[in-house]
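File shown here: run_29.json, holding JSON, C-alpha atoms.
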```
[["chain", "number", "residue", "atom", "x", "y", "z"],
["H", 5, "MET", "CA", -20.21, 20.02, 26.20],
["H", 6, "GLY", "CA", -16.73, 20.18, 27.73],
["H", 7, "ASP", "CA", -13.55, 21.42, 26.12],
["H", 8, "THR", "CA", -13.51, 20.41, 22.46],
["H", 9, "GLY", "CA", -9.89, 21.38, 21.91],
["H", 10, "LEU", "CA", -10.92, 23.60, 19.00],
["H", 11, "CYS", "CA", -8.76, 26.72, 18.79],
["H", 12, "ASN", "CA", -7.09, 28.91, 16.21],
["H", 13, "LYS", "CA", -3.66, 27.93, 14.93],
["H", 14, "SER", "CA", -0.86, 29.16, 17.16],
["H", 15, "PHE", "CA", 1.99, 31.23, 15.76],
["H", 16, "PHE", "CA", 4.03, 30.94, 18.96],
["H", 17, "THR", "CA", 7.79, 30.60, 18.58],
["H", 18, "PRO", "CA", 9.73, 29.98, 21.79],
["H", 19, "PRO", "CA", 12.46, 32.51, 22.56],
["H", 20, "SER", "CA", 15.96, 31.24, 21.72],
["H", 21, "ALA", "CA", 16.99, 31.40, 25.36],
["H", 22, "SER", "CA", 14.46, 28.70, 26.28],
["H", 23, "ILE", "CA", 15.51, 26.25, 23.55],
["H", 24, "PRO", "CA", 17.86, 23.52, 24.86],
["H", 25, "VAL", "CA", 21.44, 23.82, 23.62],
["H", 26, "GLU", "CA", 21.25, 20.32, 22.09],
["H", 27, "ILE", "CA", 18.40, 21.37, 19.80],
["H", 28, "LEU", "CA", 20.22, 24.54, 18.76],
["H", 29, "ALA", "CA", 23.36, 22.48, 17.97],
["H", 30, "PHE", "CA", 21.29, 20.04, 15.90],
["H", 31, "GLU", "CA", 19.65, 22.91, 14.01],
["H", 32, "GLN", "CA", 23.06, 24.45, 13.24],
["H", 33, "ALA", "CA", 24.41, 21.10, 11.99],
["H", 34, "VAL", "CA", 21.42, 20.55, 9.70],
["H", 35, "MET", "CA", 21.62, 24.09, 8.34],
["H", 36, "LYS", "CA", 25.36, 23.64, 7.66],
["H", 37, "ASP", "CA", 24.66, 20.40, 5.76],
["H", 38, "ILE", "CA", 21.98, 22.14, 3.69],
["H", 39, "ASN", "CA", 24.26, 25.08, 2.89],
["H", 40, "ASP", "CA", 27.11, 22.73, 1.90],
["H", 41, "ILE", "CA", 25.05, 21.07, -0.85],
["H", 42, "GLU", "CA", 26.33, 22.16, -4.25],
["H", 43, "PRO", "CA", 23.50, 23.35, -6.51],
["H", 44, "ALA", "CA", 25.21, 21.67, -9.48],
["H", 45, "SER", "CA", 24.94, 18.30, -7.71],
["H", 46, "LEU", "CA", 21.16, 18.54, -7.58],
["H", 47, "LYS", "CA", 19.96, 16.91, -10.77],
["H", 48, "VAL", "CA", 16.37, 17.31, -11.79],
["H", 49, "PHE", "CA", 14.82, 14.45, -13.71],
["H", 50, "HIS", "CA", 11.71, 15.07, -15.75],
["H", 51, "ASN", "CA", 9.20, 12.40, -16.68],
["H", 52, "MET", "CA", 7.87, 14.40, -19.64],
["H", 53, "THR", "CA", 9.46, 15.64, -22.82],
["H", 54, "ARG", "CA", 9.55, 19.35, -23.65],
["H", 55, "GLU", "CA", 6.80, 18.80, -26.20],
["H", 56, "GLU", "CA", 4.59, 17.04, -23.63],
["H", 57, "LYS", "CA", 5.16, 19.85, -21.12],
["H", 58, "LYS", "CA", 4.24, 22.44, -23.76],
["H", 59, "GLU", "CA", 1.06, 20.54, -24.68],
["H", 60, "LEU", "CA", 0.10, 20.25, -21.02],
["H", 61, "GLN", "CA", 0.69, 23.99, -20.52],
["H", 62, "ASP", "CA", -1.41, 24.75, -23.62],
["H", 63, "LEU", "CA", -4.26, 22.64, -22.21],
["H", 64, "ALA", "CA", -4.02, 24.36, -18.82],
["H", 65, "ASN", "CA", -4.18, 27.81, -20.48],
["H", 66, "ASN", "CA", -7.05, 26.93, -22.85],
["H", 67, "THR", "CA", -10.06, 29.02, -21.77],
["H", 68, "ARG", "CA", -12.45, 27.04, -24.03],
["H", 69, "ILE", "CA", -12.19, 23.88, -21.91],
["H", 70, "VAL", "CA", -12.69, 22.80, -18.29],
["H", 71, "ILE", "CA", -10.50, 20.09, -16.77],
["H", 72, "LYS", "CA", -11.97, 18.32, -13.72],
["H", 73, "PRO", "CA", -11.42, 15.01, -11.92],
["H", 74, "ALA", "CA", -14.17, 12.46, -12.57],
["H", 75, "ASP", "CA", -16.65, 11.78, -9.78],
["H", 76, "LYS", "CA", -15.49, 8.15, -9.61],
["H", 77, "GLY", "CA", -12.61, 6.13, -10.96],
["H", 78, "GLY", "CA", -9.79, 8.68, -10.74],
["H", 79, "ALA", "CA", -10.02, 9.78, -14.39],
["H", 80, "LEU", "CA", -9.42, 13.29, -15.64],
["H", 81, "VAL", "CA", -12.23, 14.76, -17.74],
["H", 82, "ILE", "CA", -11.88, 17.52, -20.33],
["H", 83, "GLN", "CA", -15.13, 19.25, -21.29],
["H", 84, "THR", "CA", -15.90, 22.26, -23.44],
["H", 85, "ILE", "CA", -16.71, 25.34, -21.40],
["H", 86, "ASP", "CA", -20.17, 25.44, -23.03],
["H", 87, "ASN", "CA", -21.02, 21.85, -21.97],
["H", 88, "TYR", "CA", -19.76, 22.49, -18.43],
["H", 89, "ARG", "CA", -21.66, 25.78, -18.12],
["H", 90, "ASN", "CA", -24.87, 24.22, -19.50],
["H", 91, "GLU", "CA", -24.69, 21.39, -16.94],
["H", 92, "CYS", "CA", -24.17, 23.89, -14.11],
["H", 93, "LEU", "CA", -27.14, 25.96, -15.30],
["H", 94, "ARG", "CA", -29.28, 22.81, -15.63],
["H", 95, "LEU", "CA", -28.53, 21.84, -12.03],
["H", 96, "LEU", "CA", -29.00, 25.35, -10.65],
["H", 97, "GLY", "CA", -32.24, 25.72, -12.60],
["H", 98, "ASP", "CA", -33.78, 22.89, -10.55],
["H", 99, "THR", "CA", -35.87, 24.99, -8.16],
["H", 100, "SER", "CA", -36.72, 21.95, -6.04],
["H", 101, "ASN", "CA", -33.06, 21.93, -4.91],
["H", 102, "TYR", "CA", -31.82, 25.49, -5.43],
["H", 103, "GLU", "CA", -33.18, 28.96, -4.79],
["H", 104, "ARG", "CA", -31.78, 32.16, -6.26],
["H", 105, "LEU", "CA", -30.54, 34.47, -3.51],
["H", 106, "GLN", "CA", -30.93, 38.22, -3.82],
["H", 107, "GLU", "CA", -27.62, 38.85, -2.06],
["H", 108, "ASP", "CA", -24.60, 37.10, -0.59],
["H", 109, "PRO", "CA", -25.71, 35.69, 2.82],
["H", 110, "THR", "CA", -22.17, 35.72, 4.29],
["H", 111, "ILE", "CA", -22.60, 38.92, 6.38],
["H", 112, "PHE", "CA", -26.01, 37.79, 7.68],
["H", 113, "LEU", "CA", -24.60, 34.37, 8.64],
["H", 114, "LYS", "CA", -21.52, 35.92, 10.23],
["H", 115, "ASN", "CA", -23.72, 38.15, 12.43],
["H", 116, "LYS", "CA", -26.03, 35.24, 13.33],
["H", 117, "ILE", "CA", -23.06, 33.04, 14.27],
["H", 118, "ARG", "CA", -21.51, 35.87, 16.30],
["H", 119, "SER", "CA", -24.75, 36.24, 18.27],
["H", 120, "MET", "CA", -24.96, 32.48, 18.97],
["H", 121, "VAL", "CA", -21.28, 32.23, 19.90],
["H", 122, "GLU", "CA", -21.56, 35.21, 22.28],
["H", 123, "GLN", "CA", -24.57, 33.58, 23.94],
["H", 124, "ALA", "CA", -22.75, 30.24, 24.27],
["H", 125, "LEU", "CA", -19.73, 32.03, 25.76],
["H", 126, "ALA", "CA", -21.93, 33.98, 28.21],
["H", 127, "HIS", "CA", -23.47, 30.69, 29.42],
["H", 128, "ASN", "CA", -20.00, 29.07, 29.68],
["H", 129, "TRP", "CA", -21.00, 26.44, 27.15],
["H", 130, "ILE", "CA", -17.79, 27.15, 25.23],
["H", 131, "SER", "CA", -14.41, 28.59, 26.16],
["H", 132, "GLN", "CA", -12.89, 31.84, 24.88],
["H", 133, "LYS", "CA", -10.52, 29.79, 22.67],
["H", 134, "GLU", "CA", -13.50, 27.96, 21.14],
["H", 135, "SER", "CA", -15.33, 31.26, 20.69],
["H", 136, "ASP", "CA", -12.35, 32.73, 18.83],
["H", 137, "PHE", "CA", -12.14, 29.60, 16.67],
["H", 138, "LEU", "CA", -15.85, 29.63, 15.74],
["H", 139, "MET", "CA", -15.74, 33.24, 14.53],
["H", 140, "ASN", "CA", -14.21, 33.27, 11.05],
["H", 141, "LYS", "CA", -13.19, 36.92, 10.86],
["H", 142, "ASN", "CA", -12.45, 36.97, 7.11],
["H", 143, "PRO", "CA", -14.70, 34.35, 5.52],
["H", 144, "LEU", "CA", -14.74, 33.64, 1.80],
["H", 145, "THR", "CA", -17.97, 33.29, -0.14],
["H", 146, "GLN", "CA", -18.83, 29.66, -0.86],
["H", 147, "TYR", "CA", -18.82, 28.75, -4.53],
["H", 148, "PHE", "CA", -20.56, 26.18, -6.68],
["H", 149, "TYR", "CA", -18.95, 23.81, -9.17],
["H", 150, "THR", "CA", -19.54, 20.35, -10.57],
["H", 151, "ILE", "CA", -17.48, 17.26, -11.21],
["H", 152, "PRO", "CA", -18.51, 15.03, -14.10],
["H", 153, "LYS", "CA", -20.09, 11.62, -13.50],
["H", 154, "ILE", "CA", -18.57, 9.78, -16.45],
["H", 155, "HIS", "CA", -19.70, 6.46, -14.97],
["H", 156, "LYS", "CA", -23.30, 7.58, -15.70],
["H", 157, "HIS", "CA", -22.73, 8.84, -19.23],
["H", 158, "PRO", "CA", -19.22, 9.01, -20.72],
["H", 159, "LYS", "CA", -20.06, 11.32, -23.68],
["H", 160, "ALA", "CA", -22.34, 13.84, -21.92],
["H", 161, "PRO", "CA", -21.74, 13.30, -18.20],
["H", 162, "PRO", "CA", -24.13, 14.81, -15.68],
["H", 163, "GLY", "CA", -22.42, 16.90, -13.03],
["H", 164, "ARG", "CA", -22.16, 16.16, -9.34],
["H", 165, "PRO", "CA", -22.85, 19.50, -7.63],
["H", 166, "ILE", "CA", -20.36, 20.70, -5.04],
["H", 167, "VAL", "CA", -20.49, 23.81, -2.86],
["H", 168, "SER", "CA", -17.05, 24.57, -1.55],
["H", 169, "GLY", "CA", -17.10, 25.65, 2.07],
["H", 170, "ILE", "CA", -13.35, 26.02, 2.55],
["H", 171, "ASN", "CA", -12.68, 29.09, 4.72],
["H", 172, "SER", "CA", -16.37, 29.98, 4.60],
["H", 173, "VAL", "CA", -18.27, 31.48, 7.51],
["H", 174, "LEU", "CA", -19.68, 28.01, 8.28],
["H", 175, "GLU", "CA", -16.43, 25.99, 8.17],
["H", 176, "PRO", "CA", -15.54, 26.40, 11.88],
["H", 177, "MET", "CA", -19.08, 25.37, 12.85],
["H", 178, "SER", "CA", -18.75, 22.20, 10.77],
["H", 179, "CYS", "CA", -15.62, 21.28, 12.78],
["H", 180, "LEU", "CA", -17.63, 21.63, 15.99],
["H", 181, "LEU", "CA", -20.50, 19.55, 14.63],
["H", 182, "MET", "CA", -18.12, 16.79, 13.58],
["H", 183, "LEU", "CA", -17.07, 16.44, 17.25],
["H", 184, "SER", "CA", -20.62, 15.93, 18.52]]
```
Write-out of the structure in structure tokens:
Amino acid sequence: MGDTGLCNKSFFTPPSASIPVEILAFEQAVMKDINDIEPASLKVFHNMTREEKKELQDLANNTRIVIKPADKGGALVIQTIDNYRNECLRLLGDTSNYERLQEDPTIFLKNKIRSMVEQALAHNWISQKESDFLMNKNPLTQYFYTIPKIHKHPKAPPGRPIVSGINSVLEPMSCLLMLS
């Protein structure tokens, strides 16, 4: 396959001795300028009144509603928690698309991926850096949610099912597949 360039994020910071004096001088000048700014001269302008901010905060803290972006059109949709939950249950109840799992498959998948990555490394199909990248050591469990399709039905929108894979055990593999 060749080197994909996939690797974990580096946290390397060069030692001060190896940084050119011009860069250090620039950094010091910028830091001086930042420190010289008077806090009183920084004016904050708000585009909402206090009342609007309070109403927005009340909406955000309301546990009886769900606020989601619409599937299309850029609108914001507010639904009752009961309507949102019922739509999720309707979608998940479709056994032609979903199957109830007896347990979280994350550990099983992590072990399966480890075995495949070790085999690929042993055959020199991937580098050590790629191997380290493909093994998510602390994966999160994927979760299900929906976003409303108000273009289909504005009053009782069906949900578009989403399974979030961010930082899941499969996310590094998806990066590799996107390269092929």
Report task. Just give me the gap between CA of Leu10 in chain H and CA of Lys114 in chain H in Å, one decimal is fine. Result -> 18.5 Å
Query raised in the report: Leaving out Thr67 in chain H and any residue of its chain fewer than 5 positions from it, which residues lie within 10 Å of it when counting all atoms listed in the file, given as a list in words?
Result: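 So, after excluding close chain neighbours, the residues are Asp62, Thr84 and Ile85 of chain H.
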Convert the current residue selection to file output with C-alpha atoms, as a JSON list (two decimals), in the coordinates of the input.
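What follows is the written file again_4.json:
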```json
[["chain", "number", "residue", "atom", "x", "y", "z"],
["H", 62, "ASP", "CA", -1.41, 24.75, -23.62],
["H", 84, "THR", "CA", -15.90, 22.26, -23.44],
["H", 85, "ILE", "CA", -16.71, 25.34, -21.40]]
```
Report summary line: Taken to one decimal, the CA of Gln146 in chain H-CA of Ile170 in chain H distance is 7.4 Å
Report task. Taking (-21.1, 35.7, 13.2) in the file's own coordinates, collect the residues within 10 Å, counting all atoms listed in the file, and hand them back as a list in words. Result ->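 The residues that fall inside the cut-off are Thr110, Ile111, Phe112, Leu113, Lys114, Asn115, Lys116, Ile117, Arg118, Ser119, Met120, Val121, Glu122, Leu138, Met139, Asn140, Lys141, Val173 and Leu174 of chain H.
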